[in-house]
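Novice: Please find run-v3.pdb (PDB, C-alpha atoms and all ligand atoms) on the next line:
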```
ATOM      1  CA  MET A 173       0.000   0.000   0.000  1.00  0.00           C
ATOM      2  CA  GLU A 174       1.094   3.563  -0.579  1.00  0.00           C
ATOM      3  CA  LEU A 175      -0.203   6.876   0.752  1.00  0.00           C
ATOM      4  CA  ARG A 176      -0.186   9.408  -2.085  1.00  0.00           C
ATOM      5  CA  VAL A 177      -0.199  13.000  -0.920  1.00  0.00           C
ATOM      6  CA  LEU A 178      -0.395  16.163  -2.976  1.00  0.00           C
ATOM      7  CA  SER A 179       0.353  19.548  -1.397  1.00  0.00           C
ATOM      8  CA  LEU A 180      -1.236  22.499  -3.130  1.00  0.00           C
ATOM      9  CA  TYR A 181       1.000  25.529  -3.464  1.00  0.00           C
ATOM     10  CA  PRO A 182       3.700  24.216  -1.113  1.00  0.00           C
ATOM     11  CA  GLU A 183       5.819  27.303  -1.830  1.00  0.00           C
ATOM     12  CA  GLN A 184       3.098  29.880  -1.228  1.00  0.00           C
ATOM     13  CA  MET A 185       0.772  28.203   1.273  1.00  0.00           C
ATOM     14  CA  ASN A 186       3.213  26.970   3.836  1.00  0.00           C
ATOM     15  CA  ILE A 187       3.630  28.564   7.225  1.00  0.00           C
ATOM     16  CA  TYR A 188       3.872  27.247  10.753  1.00  0.00           C
ATOM     17  CA  ALA A 189       4.913  23.631  10.217  1.00  0.00           C
ATOM     18  CA  ASP A 190       2.807  22.704   7.230  1.00  0.00           C
ATOM     19  CA  ARG A 191       5.767  20.742   5.937  1.00  0.00           C
ATOM     20  CA  GLY A 192       6.008  19.098   9.374  1.00  0.00           C
ATOM     21  CA  ASN A 193       2.467  17.816   9.044  1.00  0.00           C
ATOM     22  CA  ILE A 194       3.481  16.099   5.809  1.00  0.00           C
ATOM     23  CA  VAL A 195       6.629  14.612   7.375  1.00  0.00           C
ATOM     24  CA  PHE A 196       4.498  13.283  10.213  1.00  0.00           C
ATOM     25  CA  LEU A 197       2.209  11.486   7.734  1.00  0.00           C
ATOM     26  CA  GLN A 198       5.278  10.079   6.025  1.00  0.00           C
ATOM     27  CA  ARG A 199       6.755   8.729   9.265  1.00  0.00           C
ATOM     28  CA  ARG A 200       3.528   7.106  10.386  1.00  0.00           C
ATOM     29  CA  CYS A 201       3.360   5.307   7.062  1.00  0.00           C
ATOM     30  CA  GLU A 202       7.021   4.281   7.077  1.00  0.00           C
ATOM     31  CA  TRP A 203       6.823   2.957  10.635  1.00  0.00           C
ATOM     32  CA  ARG A 204       4.068   0.627   9.449  1.00  0.00           C
ATOM     33  CA  GLY A 205       5.722  -0.454   6.212  1.00  0.00           C
ATOM     34  CA  ILE A 206       3.271   1.590   4.125  1.00  0.00           C
ATOM     35  CA  GLY A 207       4.736   3.390   1.103  1.00  0.00           C
ATOM     36  CA  PHE A 208       4.550   7.158   0.870  1.00  0.00           C
ATOM     37  CA  SER A 209       4.725   9.571  -2.015  1.00  0.00           C
ATOM     38  CA  HIS A 210       4.435  13.324  -1.894  1.00  0.00           C
ATOM     39  CA  SER A 211       4.350  15.914  -4.616  1.00  0.00           C
ATOM     40  CA  GLY A 212       3.364  19.521  -4.973  1.00  0.00           C
ATOM     41  CA  ALA A 213       1.202  21.469  -7.390  1.00  0.00           C
ATOM     42  CA  GLY A 214       2.048  25.144  -7.801  1.00  0.00           C
ATOM     43  CA  PRO A 215       0.581  28.007  -9.815  1.00  0.00           C
ATOM     44  CA  GLY A 216      -0.794  26.835 -13.156  1.00  0.00           C
ATOM     45  CA  ASP A 217      -0.057  23.158 -12.512  1.00  0.00           C
ATOM     46  CA  PRO A 218      -2.921  20.840 -13.388  1.00  0.00           C
ATOM     47  CA  VAL A 219      -4.100  18.271 -10.830  1.00  0.00           C
ATOM     48  CA  ASP A 220      -4.960  14.688 -11.677  1.00  0.00           C
ATOM     49  CA  PRO A 221      -7.792  13.742  -9.298  1.00  0.00           C
ATOM     50  CA  ALA A 222      -6.997  10.035  -9.555  1.00  0.00           C
ATOM     51  CA  ALA A 223      -3.268  10.304  -8.850  1.00  0.00           C
ATOM     52  CA  HIS A 224      -3.434  11.305  -5.159  1.00  0.00           C
ATOM     53  CA  ASP A 225      -5.619  10.278  -2.248  1.00  0.00           C
ATOM     54  CA  LEU A 226      -4.813  12.978   0.296  1.00  0.00           C
ATOM     55  CA  PHE A 227      -4.795  16.633  -0.717  1.00  0.00           C
ATOM     56  CA  TYR A 228      -3.252  19.213   1.601  1.00  0.00           C
ATOM     57  CA  ILE A 229      -3.618  22.992   1.552  1.00  0.00           C
ATOM     58  CA  GLY A 230      -1.519  24.763   4.152  1.00  0.00           C
ATOM     59  CA  GLY A 231      -1.719  28.109   5.853  1.00  0.00           C
ATOM     60  CA  GLY A 232      -0.908  31.387   4.208  1.00  0.00           C
ATOM     61  CA  GLN A 233      -0.863  35.052   4.909  1.00  0.00           C
ATOM     62  CA  ASP A 234      -3.306  37.312   3.106  1.00  0.00           C
ATOM     63  CA  ARG A 235      -0.680  38.200   0.496  1.00  0.00           C
ATOM     64  CA  ASP A 236       0.034  34.501  -0.179  1.00  0.00           C
ATOM     65  CA  GLN A 237      -3.673  33.839  -0.557  1.00  0.00           C
ATOM     66  CA  ARG A 238      -3.938  36.731  -3.011  1.00  0.00           C
ATOM     67  CA  MET A 239      -1.238  35.083  -5.120  1.00  0.00           C
ATOM     68  CA  VAL A 240      -2.956  31.706  -5.362  1.00  0.00           C
ATOM     69  CA  ALA A 241      -6.732  32.179  -4.979  1.00  0.00           C
ATOM     70  CA  ALA A 242      -7.690  32.865  -8.592  1.00  0.00           C
ATOM     71  CA  ASP A 243      -5.206  30.301  -9.930  1.00  0.00           C
ATOM     72  CA  MET A 244      -6.550  27.679  -7.563  1.00  0.00           C
ATOM     73  CA  VAL A 245     -10.066  28.184  -8.846  1.00  0.00           C
ATOM     74  CA  THR A 246      -9.116  28.097 -12.525  1.00  0.00           C
ATOM     75  CA  SER A 247      -6.428  25.406 -12.544  1.00  0.00           C
ATOM     76  CA  LYS A 248      -7.432  23.099  -9.685  1.00  0.00           C
ATOM     77  CA  ARG A 249     -11.028  23.484  -8.583  1.00  0.00           C
ATOM     78  CA  GLU A 250     -12.574  20.963 -10.925  1.00  0.00           C
ATOM     79  CA  ALA A 251     -10.020  18.263 -10.183  1.00  0.00           C
ATOM     80  CA  LEU A 252     -10.249  18.792  -6.417  1.00  0.00           C
ATOM     81  CA  ALA A 253     -14.033  18.625  -6.466  1.00  0.00           C
ATOM     82  CA  ALA A 254     -13.879  15.409  -8.503  1.00  0.00           C
ATOM     83  CA  ALA A 255     -11.309  13.853  -6.162  1.00  0.00           C
ATOM     84  CA  VAL A 256     -13.295  14.721  -3.035  1.00  0.00           C
ATOM     85  CA  ASP A 257     -16.519  13.428  -4.591  1.00  0.00           C
ATOM     86  CA  ASP A 258     -14.665  10.225  -5.383  1.00  0.00           C
ATOM     87  CA  GLY A 259     -13.620   9.707  -1.751  1.00  0.00           C
ATOM     88  CA  ALA A 260     -10.184  11.324  -1.607  1.00  0.00           C
ATOM     89  CA  ALA A 261      -9.328  13.078   1.661  1.00  0.00           C
ATOM     90  CA  LEU A 262      -8.644  16.797   1.782  1.00  0.00           C
ATOM     91  CA  LEU A 263      -7.141  18.662   4.729  1.00  0.00           C
ATOM     92  CA  ALA A 264      -7.018  22.452   4.536  1.00  0.00           C
ATOM     93  CA  VAL A 265      -5.404  24.470   7.304  1.00  0.00           C
ATOM     94  CA  CYS A 266      -5.988  28.122   8.179  1.00  0.00           C
ATOM     95  CA  GLY A 267      -5.381  30.172   5.016  1.00  0.00           C
ATOM     96  CA  GLY A 268      -6.090  27.027   2.990  1.00  0.00           C
ATOM     97  CA  TYR A 269      -9.259  26.463   4.982  1.00  0.00           C
ATOM     98  CA  GLN A 270     -10.450  29.974   4.207  1.00  0.00           C
ATOM     99  CA  LEU A 271      -9.980  29.286   0.484  1.00  0.00           C
ATOM    100  CA  LEU A 272     -12.223  26.206   0.645  1.00  0.00           C
ATOM    101  CA  GLY A 273     -15.219  28.486   0.962  1.00  0.00           C
ATOM    102  CA  HIS A 274     -16.985  30.765  -1.475  1.00  0.00           C
ATOM    103  CA  SER A 275     -14.796  33.792  -0.879  1.00  0.00           C
ATOM    104  CA  TYR A 276     -12.483  35.699   1.449  1.00  0.00           C
ATOM    105  CA  GLN A 277     -13.447  39.360   1.796  1.00  0.00           C
ATOM    106  CA  LEU A 278     -10.498  41.643   2.539  1.00  0.00           C
ATOM    107  CA  ASP A 279     -11.600  45.256   2.824  1.00  0.00           C
ATOM    108  CA  ASP A 280     -12.844  46.093  -0.663  1.00  0.00           C
ATOM    109  CA  GLU A 281     -11.200  43.084  -2.288  1.00  0.00           C
ATOM    110  CA  LYS A 282     -12.915  39.714  -2.547  1.00  0.00           C
ATOM    111  CA  LEU A 283     -10.700  36.678  -3.127  1.00  0.00           C
ATOM    112  CA  PRO A 284     -12.474  33.813  -4.852  1.00  0.00           C
ATOM    113  CA  GLY A 285     -12.623  30.449  -3.079  1.00  0.00           C
ATOM    114  CA  LEU A 286     -12.937  26.868  -4.248  1.00  0.00           C
ATOM    115  CA  GLY A 287     -16.551  26.623  -3.128  1.00  0.00           C
ATOM    116  CA  LEU A 288     -15.959  23.091  -1.835  1.00  0.00           C
ATOM    117  CA  ALA A 289     -17.517  24.032   1.499  1.00  0.00           C
ATOM    118  CA  ASP A 290     -20.477  26.296   2.172  1.00  0.00           C
ATOM    119  CA  LEU A 291     -18.684  29.048   4.083  1.00  0.00           C
ATOM    120  CA  GLU A 292     -17.416  32.576   3.756  1.00  0.00           C
ATOM    121  CA  THR A 293     -14.552  34.395   5.401  1.00  0.00           C
ATOM    122  CA  VAL A 294     -14.479  38.102   6.130  1.00  0.00           C
ATOM    123  CA  ARG A 295     -11.680  40.289   7.458  1.00  0.00           C
ATOM    124  CA  GLU A 296     -13.638  42.324   9.999  1.00  0.00           C
ATOM    125  CA  PRO A 297     -12.353  45.057  12.254  1.00  0.00           C
ATOM    126  CA  GLY A 298     -11.094  43.705  15.537  1.00  0.00           C
ATOM    127  CA  PRO A 299      -8.058  41.885  16.815  1.00  0.00           C
ATOM    128  CA  ARG A 300      -6.612  38.757  15.269  1.00  0.00           C
ATOM    129  CA  LEU A 301      -7.852  35.560  16.871  1.00  0.00           C
ATOM    130  CA  ILE A 302      -4.660  34.141  18.313  1.00  0.00           C
ATOM    131  CA  GLY A 303      -3.910  31.523  20.917  1.00  0.00           C
ATOM    132  CA  ASN A 304      -4.016  27.938  22.017  1.00  0.00           C
ATOM    133  CA  ILE A 305      -7.245  26.170  21.193  1.00  0.00           C
ATOM    134  CA  ALA A 306      -8.946  22.879  21.930  1.00  0.00           C
ATOM    135  CA  ILE A 307     -12.003  21.635  20.117  1.00  0.00           C
ATOM    136  CA  GLU A 308     -14.208  18.611  20.372  1.00  0.00           C
ATOM    137  CA  ALA A 309     -14.249  17.210  16.856  1.00  0.00           C
ATOM    138  CA  GLU A 310     -16.881  14.876  15.515  1.00  0.00           C
ATOM    139  CA  LEU A 311     -15.571  12.719  12.700  1.00  0.00           C
ATOM    140  CA  GLY A 312     -17.989   9.863  12.921  1.00  0.00           C
ATOM    141  CA  SER A 313     -16.445   7.722  15.660  1.00  0.00           C
ATOM    142  CA  GLY A 314     -17.615   9.807  18.617  1.00  0.00           C
ATOM    143  CA  PRO A 315     -16.285  13.181  19.783  1.00  0.00           C
ATOM    144  CA  ARG A 316     -12.500  13.486  20.161  1.00  0.00           C
ATOM    145  CA  LEU A 317     -10.314  16.323  21.248  1.00  0.00           C
ATOM    146  CA  LEU A 318      -8.065  18.231  18.845  1.00  0.00           C
ATOM    147  CA  ALA A 319      -5.574  20.613  20.419  1.00  0.00           C
ATOM    148  CA  GLY A 320      -3.553  23.247  18.617  1.00  0.00           C
ATOM    149  CA  PHE A 321      -2.899  26.885  17.959  1.00  0.00           C
ATOM    150  CA  GLU A 322      -4.841  29.439  15.938  1.00  0.00           C
ATOM    151  CA  ASN A 323      -3.778  32.765  14.443  1.00  0.00           C
ATOM    152  CA  HIS A 324      -6.130  34.393  11.979  1.00  0.00           C
ATOM    153  CA  GLY A 325      -7.542  37.789  11.152  1.00  0.00           C
ATOM    154  CA  GLY A 326     -10.330  36.415   8.976  1.00  0.00           C
ATOM    155  CA  ARG A 327     -13.619  35.335  10.539  1.00  0.00           C
ATOM    156  CA  THR A 328     -15.310  32.355   8.963  1.00  0.00           C
ATOM    157  CA  TYR A 329     -19.074  31.837   8.867  1.00  0.00           C
ATOM    158  CA  LEU A 330     -20.586  28.522   7.892  1.00  0.00           C
ATOM    159  CA  GLY A 331     -23.579  28.498   5.567  1.00  0.00           C
ATOM    160  CA  SER A 332     -26.632  26.361   6.211  1.00  0.00           C
ATOM    161  CA  GLY A 333     -25.140  23.611   4.052  1.00  0.00           C
ATOM    162  CA  ALA A 334     -21.997  23.228   6.145  1.00  0.00           C
ATOM    163  CA  ARG A 335     -21.204  21.395   9.365  1.00  0.00           C
ATOM    164  CA  PRO A 336     -18.383  22.424  11.644  1.00  0.00           C
ATOM    165  CA  LEU A 337     -15.432  20.180  12.361  1.00  0.00           C
ATOM    166  CA  GLY A 338     -16.153  20.648  16.024  1.00  0.00           C
ATOM    167  CA  ARG A 339     -17.209  22.701  18.983  1.00  0.00           C
ATOM    168  CA  VAL A 340     -14.742  25.068  20.620  1.00  0.00           C
ATOM    169  CA  VAL A 341     -13.806  23.983  24.149  1.00  0.00           C
ATOM    170  CA  GLU A 342     -11.173  26.689  24.645  1.00  0.00           C
ATOM    171  CA  GLY A 343     -10.121  29.329  22.138  1.00  0.00           C
ATOM    172  CA  ARG A 344     -11.870  31.346  19.453  1.00  0.00           C
ATOM    173  CA  GLY A 345     -12.607  29.069  16.500  1.00  0.00           C
ATOM    174  CA  ASN A 346     -14.195  30.137  13.238  1.00  0.00           C
ATOM    175  CA  ASN A 347     -15.173  33.634  14.277  1.00  0.00           C
ATOM    176  CA  GLY A 348     -14.920  33.967  18.049  1.00  0.00           C
ATOM    177  CA  ARG A 349     -18.692  34.101  18.358  1.00  0.00           C
ATOM    178  CA  ASP A 350     -20.658  31.030  17.398  1.00  0.00           C
ATOM    179  CA  GLY A 351     -18.555  28.401  19.206  1.00  0.00           C
ATOM    180  CA  TYR A 352     -17.786  26.431  16.056  1.00  0.00           C
ATOM    181  CA  GLU A 353     -14.443  25.494  14.604  1.00  0.00           C
ATOM    182  CA  GLY A 354     -13.598  24.339  11.107  1.00  0.00           C
ATOM    183  CA  VAL A 355     -15.699  22.513   8.584  1.00  0.00           C
ATOM    184  CA  HIS A 356     -16.275  18.844   7.876  1.00  0.00           C
ATOM    185  CA  ARG A 357     -17.981  17.169   4.969  1.00  0.00           C
ATOM    186  CA  ASP A 358     -17.355  13.492   4.259  1.00  0.00           C
ATOM    187  CA  ASN A 359     -13.588  13.255   3.731  1.00  0.00           C
ATOM    188  CA  LEU A 360     -13.009  17.010   3.592  1.00  0.00           C
ATOM    189  CA  ILE A 361     -11.706  18.808   6.676  1.00  0.00           C
ATOM    190  CA  GLY A 362     -10.917  22.485   7.086  1.00  0.00           C
ATOM    191  CA  THR A 363      -9.571  23.921  10.319  1.00  0.00           C
ATOM    192  CA  TYR A 364      -7.876  26.942  11.841  1.00  0.00           C
ATOM    193  CA  LEU A 365      -5.658  24.686  13.991  1.00  0.00           C
ATOM    194  CA  HIS A 366      -2.265  25.112  12.444  1.00  0.00           C
ATOM    195  CA  GLY A 367       1.276  24.664  13.487  1.00  0.00           C
ATOM    196  CA  PRO A 368       1.992  21.021  14.089  1.00  0.00           C
ATOM    197  CA  LEU A 369      -1.654  19.975  13.978  1.00  0.00           C
ATOM    198  CA  LEU A 370      -0.958  16.355  13.078  1.00  0.00           C
ATOM    199  CA  PRO A 371       2.000  15.685  15.436  1.00  0.00           C
ATOM    200  CA  LYS A 372      -0.129  17.050  18.287  1.00  0.00           C
ATOM    201  CA  ASN A 373      -3.126  14.967  17.242  1.00  0.00           C
ATOM    202  CA  ALA A 374      -1.792  11.686  15.924  1.00  0.00           C
ATOM    203  CA  TRP A 375      -5.267  10.198  15.751  1.00  0.00           C
ATOM    204  CA  LEU A 376      -6.225  12.739  13.092  1.00  0.00           C
ATOM    205  CA  ALA A 377      -3.166  11.809  11.033  1.00  0.00           C
ATOM    206  CA  ASP A 378      -4.194   8.144  11.223  1.00  0.00           C
ATOM    207  CA  HIS A 379      -7.775   9.035  10.349  1.00  0.00           C
ATOM    208  CA  LEU A 380      -6.581  10.787   7.166  1.00  0.00           C
ATOM    209  CA  ILE A 381      -4.219   7.938   6.259  1.00  0.00           C
ATOM    210  CA  THR A 382      -7.087   5.461   6.689  1.00  0.00           C
ATOM    211  CA  LEU A 383      -9.447   7.470   4.476  1.00  0.00           C
ATOM    212  CA  ALA A 384      -6.835   7.905   1.764  1.00  0.00           C
ATOM    213  CA  LEU A 385      -5.851   4.225   1.697  1.00  0.00           C
ATOM    214  CA  GLU A 386      -9.482   3.200   1.656  1.00  0.00           C
ATOM    215  CA  ARG A 387     -10.071   5.339  -1.392  1.00  0.00           C
ATOM    216  CA  ARG A 388      -7.101   3.771  -3.223  1.00  0.00           C
ATOM    217  CA  TYR A 389      -7.515   0.147  -2.206  1.00  0.00           C
ATOM    218  CA  GLY A 390     -11.254  -0.167  -1.713  1.00  0.00           C
ATOM    219  CA  ALA A 391     -11.241  -1.558   1.816  1.00  0.00           C
ATOM    220  CA  ARG A 392     -10.732   0.289   5.089  1.00  0.00           C
ATOM    221  CA  PRO A 393      -7.277  -0.700   6.401  1.00  0.00           C
ATOM    222  CA  GLN A 394      -6.684  -1.523  10.060  1.00  0.00           C
ATOM    223  CA  LEU A 395      -3.616   0.565  10.839  1.00  0.00           C
ATOM    224  CA  GLU A 396      -1.077  -1.101  13.080  1.00  0.00           C
ATOM    225  CA  PRO A 397      -0.881   0.673  16.460  1.00  0.00           C
ATOM    226  CA  LEU A 398       2.362   2.584  17.078  1.00  0.00           C
ATOM    227  CA  ASP A 399       4.230   3.554  20.217  1.00  0.00           C
ATOM    228  CA  ASP A 400       2.747   7.018  20.616  1.00  0.00           C
ATOM    229  CA  ALA A 401       4.469   8.046  23.846  1.00  0.00           C
ATOM    230  CA  PHE A 402       5.916  11.241  22.317  1.00  0.00           C
ATOM    231  CA  GLU A 403       2.749  11.993  20.384  1.00  0.00           C
ATOM    232  CA  ASN A 404       0.599  11.538  23.468  1.00  0.00           C
ATOM    233  CA  ALA A 405       2.912  13.831  25.408  1.00  0.00           C
ATOM    234  CA  ALA A 406       2.665  16.437  22.635  1.00  0.00           C
ATOM    235  CA  HIS A 407      -1.122  16.173  22.698  1.00  0.00           C
ATOM    236  CA  GLU A 408      -1.261  16.495  26.492  1.00  0.00           C
ATOM    237  CA  SER A 409       1.014  19.504  26.378  1.00  0.00           C
ATOM    238  CA  ALA A 410      -1.101  21.208  23.685  1.00  0.00           C
ATOM    239  CA  ARG A 411      -4.247  20.519  25.706  1.00  0.00           C
ATOM    240  CA  ALA A 412      -2.670  21.894  28.831  1.00  0.00           C
ATOM    241  CA  ALA A 413      -1.556  25.001  26.937  1.00  0.00           C
ATOM    242  CA  ALA A 414      -5.191  25.540  25.958  1.00  0.00           C
ATOM    243  CA  GLY A 415      -6.226  25.004  29.586  1.00  0.00           C
ATOM    244  CA  VAL A 416      -8.092  21.744  28.963  1.00  0.00           C
TER
HETATM  245  N1  LIG A 501      -4.327  35.134   6.183  1.00  0.00           N
HETATM  246  C1  LIG A 501      -5.319  34.509   6.974  1.00  0.00           C
HETATM  247  C2  LIG A 501      -5.780  35.340   8.148  1.00  0.00           C
HETATM  248  O1  LIG A 501      -5.008  36.024   8.762  1.00  0.00           O
HETATM  249  C3  LIG A 501      -4.849  33.128   7.432  1.00  0.00           C
HETATM  250  C4  LIG A 501      -3.668  33.205   8.334  1.00  0.00           C
HETATM  251  C5  LIG A 501      -2.951  31.912   8.510  1.00  0.00           C
HETATM  252  O2  LIG A 501      -2.965  30.996   7.682  1.00  0.00           O
HETATM  253  N2  LIG A 501      -2.234  31.864   9.598  1.00  0.00           N
HETATM  254  O3  LIG A 501      -6.941  35.309   8.465  1.00  0.00           O
END
```
Step by step, read the file and then write its structure as structure tokens.
Ligand code: GLN
Specialist:
Amino acid sequence: MELRVLSLYPEQMNIYADRGNIVFLQRRCEWRGIGFSHSGAGPGDPVDPAAHDLFYIGGGQDRDQRMVAADMVTSKREALAAAVDDGAALLAVCGGYQLLGHSYQLDDEKLPGLGLADLETVREPGPRLIGNIAIEAELGSGPRLLAGFENHGGRTYLGSGARPLGRVVEGRGNNGRDGYEGVHRDNLIGTYLHGPLLPKNAWLADHLITLALERRYGARPQLEPLDDAFENAAHESARAAAGV
């Protein structure tokens, strides 16, 4: 078996350990004897929806998002929508998460989004939403805690067709008001938890690996358990930082 990962705009959309999230996926595959391949798709590059099973869009500052938003819609939207409809997993973090929605409104400029999730992001007056965060995520197997760090100026509002990734336990979440964090639809996940999201939440990494392998090989694999002493310690420490 092989996990096939594609990072979108790894040069532009890549802050706060996005590359580390990919390395973490790689290690968890290697430790289990599962193959791993990773490639990137930059501006103008076409995407083959059948060639990869896990798509990753990292964080980005407003100026990075300005550079990629229109290109992402014209050169990648159709392929991403087809891949997600076909069962591929997609993880979008922070700036990438914002671009999953319909648009990102920045003052008088509106960046187009992929429209893969029913949400909109607006840069409103007010402070950035920064700090440690813990959410209770619901991904089908009962609620589980995700702990991490958020840092965003944009506020995200889910439309009636969208479900959040989880409920904020501590922190600000999508907009600091409605108590929701992220978005979740089938195998698509968007979240503001960036930095080393996956190393701090190894179960989410394994969840994504499972979904991606299931899409490729047709059956849901039973991943071999690993010695997660360091990962558990990282999770505990991130929870404690959030006060949970
Ligand atoms: N540029 C976006 C914002 O500030 C996302 C930031 C990020 O990815 N850290 O809202």
Novice: At a cut-off of 12 Å around ligand LIG 501 (chain A), and using all atoms listed in the file, what residues come up? Please write them as JSON, numbers by chain.
Specialist: {"A": [184, 185, 186, 187, 188, 189, 190, 229, 230, 231, 232, 233, 234, 235, 236, 237, 238, 239, 241, 264, 265, 266, 267, 268, 269, 270, 271, 276, 277, 278, 283, 292, 293, 294, 295, 296, 297, 298, 299, 300, 301, 302, 303, 321, 322, 323, 324, 325, 326, 327, 328, 345, 346, 347, 362, 363, 364, 365, 366, 367]}
Novice: Measure the distance from CA of Asp243 in chain A to CA of Pro218 in chain A in Å and round it to one decimal.
Specialist: 10.3 Å
Novice: Can you tell me which residues surround range 388-393 of chain A at a distance of at most 10 Å, considering only C-alpha atoms, apart from same-chain residues fewer than 2 positions away, and format the answer as a PyMOL selection string?
Specialist: chain A and resi 173-176+222-225+259-260+381-386+395-396
Novice: So how many Å separate CA of Ser211 in chain A and CA of Leu197 in chain A, to one decimal?
Specialist: 13.3 Å
Novice: Please determine an axis-aligned box that encloses all atoms of range 249-263 of chain A listed in the file, with 8 Å added on each side, and express its centre and edge lengths in Å to one decimal as JSON.
Specialist:
```
{"center_x": -11.8, "center_y": 16.6, "center_z": -3.1, "size_x": 25.4, "size_y": 29.8, "size_z": 31.7}
```
Novice: Could you check which of A:Ala410, A:Leu252, A:Lys282, A:His274 is closest to Leu318 in chain A, using all atoms listed in the file?
Specialist: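 Of A:Ala410, A:Leu252, A:Lys282, A:His274, the one nearest Leu318 in chain A, counting all atoms listed in the file, is A:Ala410.
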Novice: Suppose you want the space between CA of Ile206 in chain A and CA of Trp375 in chain A; what is it in Å?
Specialist: 16.8 Å
Novice: Do you know which residues are at most 9 Å from Glu310 in chain A counting all atoms listed in the file, after dropping those on the same chain fewer than 5 positions away, and could you put them as a ChimeraX atom specification?
Specialist: /A:315-317,336-339,356
Novice: Out of A:Leu262, A:Ala374, A:Cys201, A:Val240, which residue has the shortest atom-to-atom distance to Leu226 in chain A when counting only C-alpha atoms?
Specialist: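 Of A:Leu262, A:Ala374, A:Cys201, A:Val240, the one nearest Leu226 in chain A is A:Leu262, counting only C-alpha atoms.
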Novice: Could you check the closest approach to Val219 in chain A for each of A:Asp358, A:Ser247, A:Arg199, A:Gly207 and tell me which residue wins, using only C-alpha atoms?
Specialist: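 Ranking A:Asp358, A:Ser247, A:Arg199, A:Gly207 by distance to Val219 in chain A, first place goes to A:Ser247.
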Novice: Under the rule that all atoms listed in the file are counted, which of A:Gly354, A:Gly333, A:Gly216, A:Pro368 is the nearest residue to Gly320 in chain A?
Specialist: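 Under the stated criterion, the closest residue is A:Pro368.
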Novice: Hey, which of A:Ala405, A:Ile307, A:Ala413, A:Ile194 ends up closest to Ser179 in chain A? Count all atoms listed in the file.
Specialist: A:Ile194
Novice: Considering all atoms listed in the file, can you say which of A:Asp378, A:Leu263, A:Ala289, A:Ala255 comes closest to Pro397 in chain A?
Specialist: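 Of A:Asp378, A:Leu263, A:Ala289, A:Ala255, the one nearest Pro397 in chain A is A:Asp378, counting all atoms listed in the file.
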Novice: Some atoms are missing, so please complete range 187-198 of chain A with N, CA and C atoms and return it as a PDB file, in the coordinates of the input.
Specialist:
```pdb
ATOM      1  N   ILE A 187       3.060  27.900   6.056  1.00  0.00           N
ATOM      2  CA  ILE A 187       3.630  28.564   7.225  1.00  0.00           C
ATOM      3  C   ILE A 187       3.375  27.698   8.448  1.00  0.00           C
ATOM      4  N   TYR A 188       4.116  27.939   9.483  1.00  0.00           N
ATOM      5  CA  TYR A 188       3.872  27.247  10.753  1.00  0.00           C
ATOM      6  C   TYR A 188       3.769  25.739  10.607  1.00  0.00           C
ATOM      7  N   ALA A 189       4.825  25.099  10.132  1.00  0.00           N
ATOM      8  CA  ALA A 189       4.913  23.631  10.217  1.00  0.00           C
ATOM      9  C   ALA A 189       4.019  22.865   9.259  1.00  0.00           C
ATOM     10  N   ASP A 190       3.586  23.490   8.180  1.00  0.00           N
ATOM     11  CA  ASP A 190       2.807  22.704   7.230  1.00  0.00           C
ATOM     12  C   ASP A 190       3.628  21.546   6.679  1.00  0.00           C
ATOM     13  N   ARG A 191       4.897  21.805   6.420  1.00  0.00           N
ATOM     14  CA  ARG A 191       5.767  20.742   5.937  1.00  0.00           C
ATOM     15  C   ARG A 191       5.916  19.640   7.011  1.00  0.00           C
ATOM     16  N   GLY A 192       5.917  20.069   8.274  1.00  0.00           N
ATOM     17  CA  GLY A 192       6.008  19.098   9.374  1.00  0.00           C
ATOM     18  C   GLY A 192       4.800  18.172   9.421  1.00  0.00           C
ATOM     19  N   ASN A 193       3.645  18.690   9.089  1.00  0.00           N
ATOM     20  CA  ASN A 193       2.467  17.816   9.044  1.00  0.00           C
ATOM     21  C   ASN A 193       2.654  16.718   8.001  1.00  0.00           C
ATOM     22  N   ILE A 194       3.256  17.085   6.875  1.00  0.00           N
ATOM     23  CA  ILE A 194       3.481  16.099   5.809  1.00  0.00           C
ATOM     24  C   ILE A 194       4.517  15.069   6.265  1.00  0.00           C
ATOM     25  N   VAL A 195       5.591  15.541   6.895  1.00  0.00           N
ATOM     26  CA  VAL A 195       6.629  14.612   7.375  1.00  0.00           C
ATOM     27  C   VAL A 195       6.024  13.641   8.388  1.00  0.00           C
ATOM     28  N   PHE A 196       5.126  14.153   9.215  1.00  0.00           N
ATOM     29  CA  PHE A 196       4.498  13.283  10.213  1.00  0.00           C
ATOM     30  C   PHE A 196       3.682  12.170   9.537  1.00  0.00           C
ATOM     31  N   LEU A 197       2.958  12.507   8.488  1.00  0.00           N
ATOM     32  CA  LEU A 197       2.209  11.486   7.734  1.00  0.00           C
ATOM     33  C   LEU A 197       3.172  10.451   7.156  1.00  0.00           C
ATOM     34  N   GLN A 198       4.281  10.966   6.630  1.00  0.00           N
ATOM     35  CA  GLN A 198       5.278  10.079   6.025  1.00  0.00           C
ATOM     36  C   GLN A 198       5.816   9.083   7.054  1.00  0.00           C
TER      37      GLN A 198
END
```
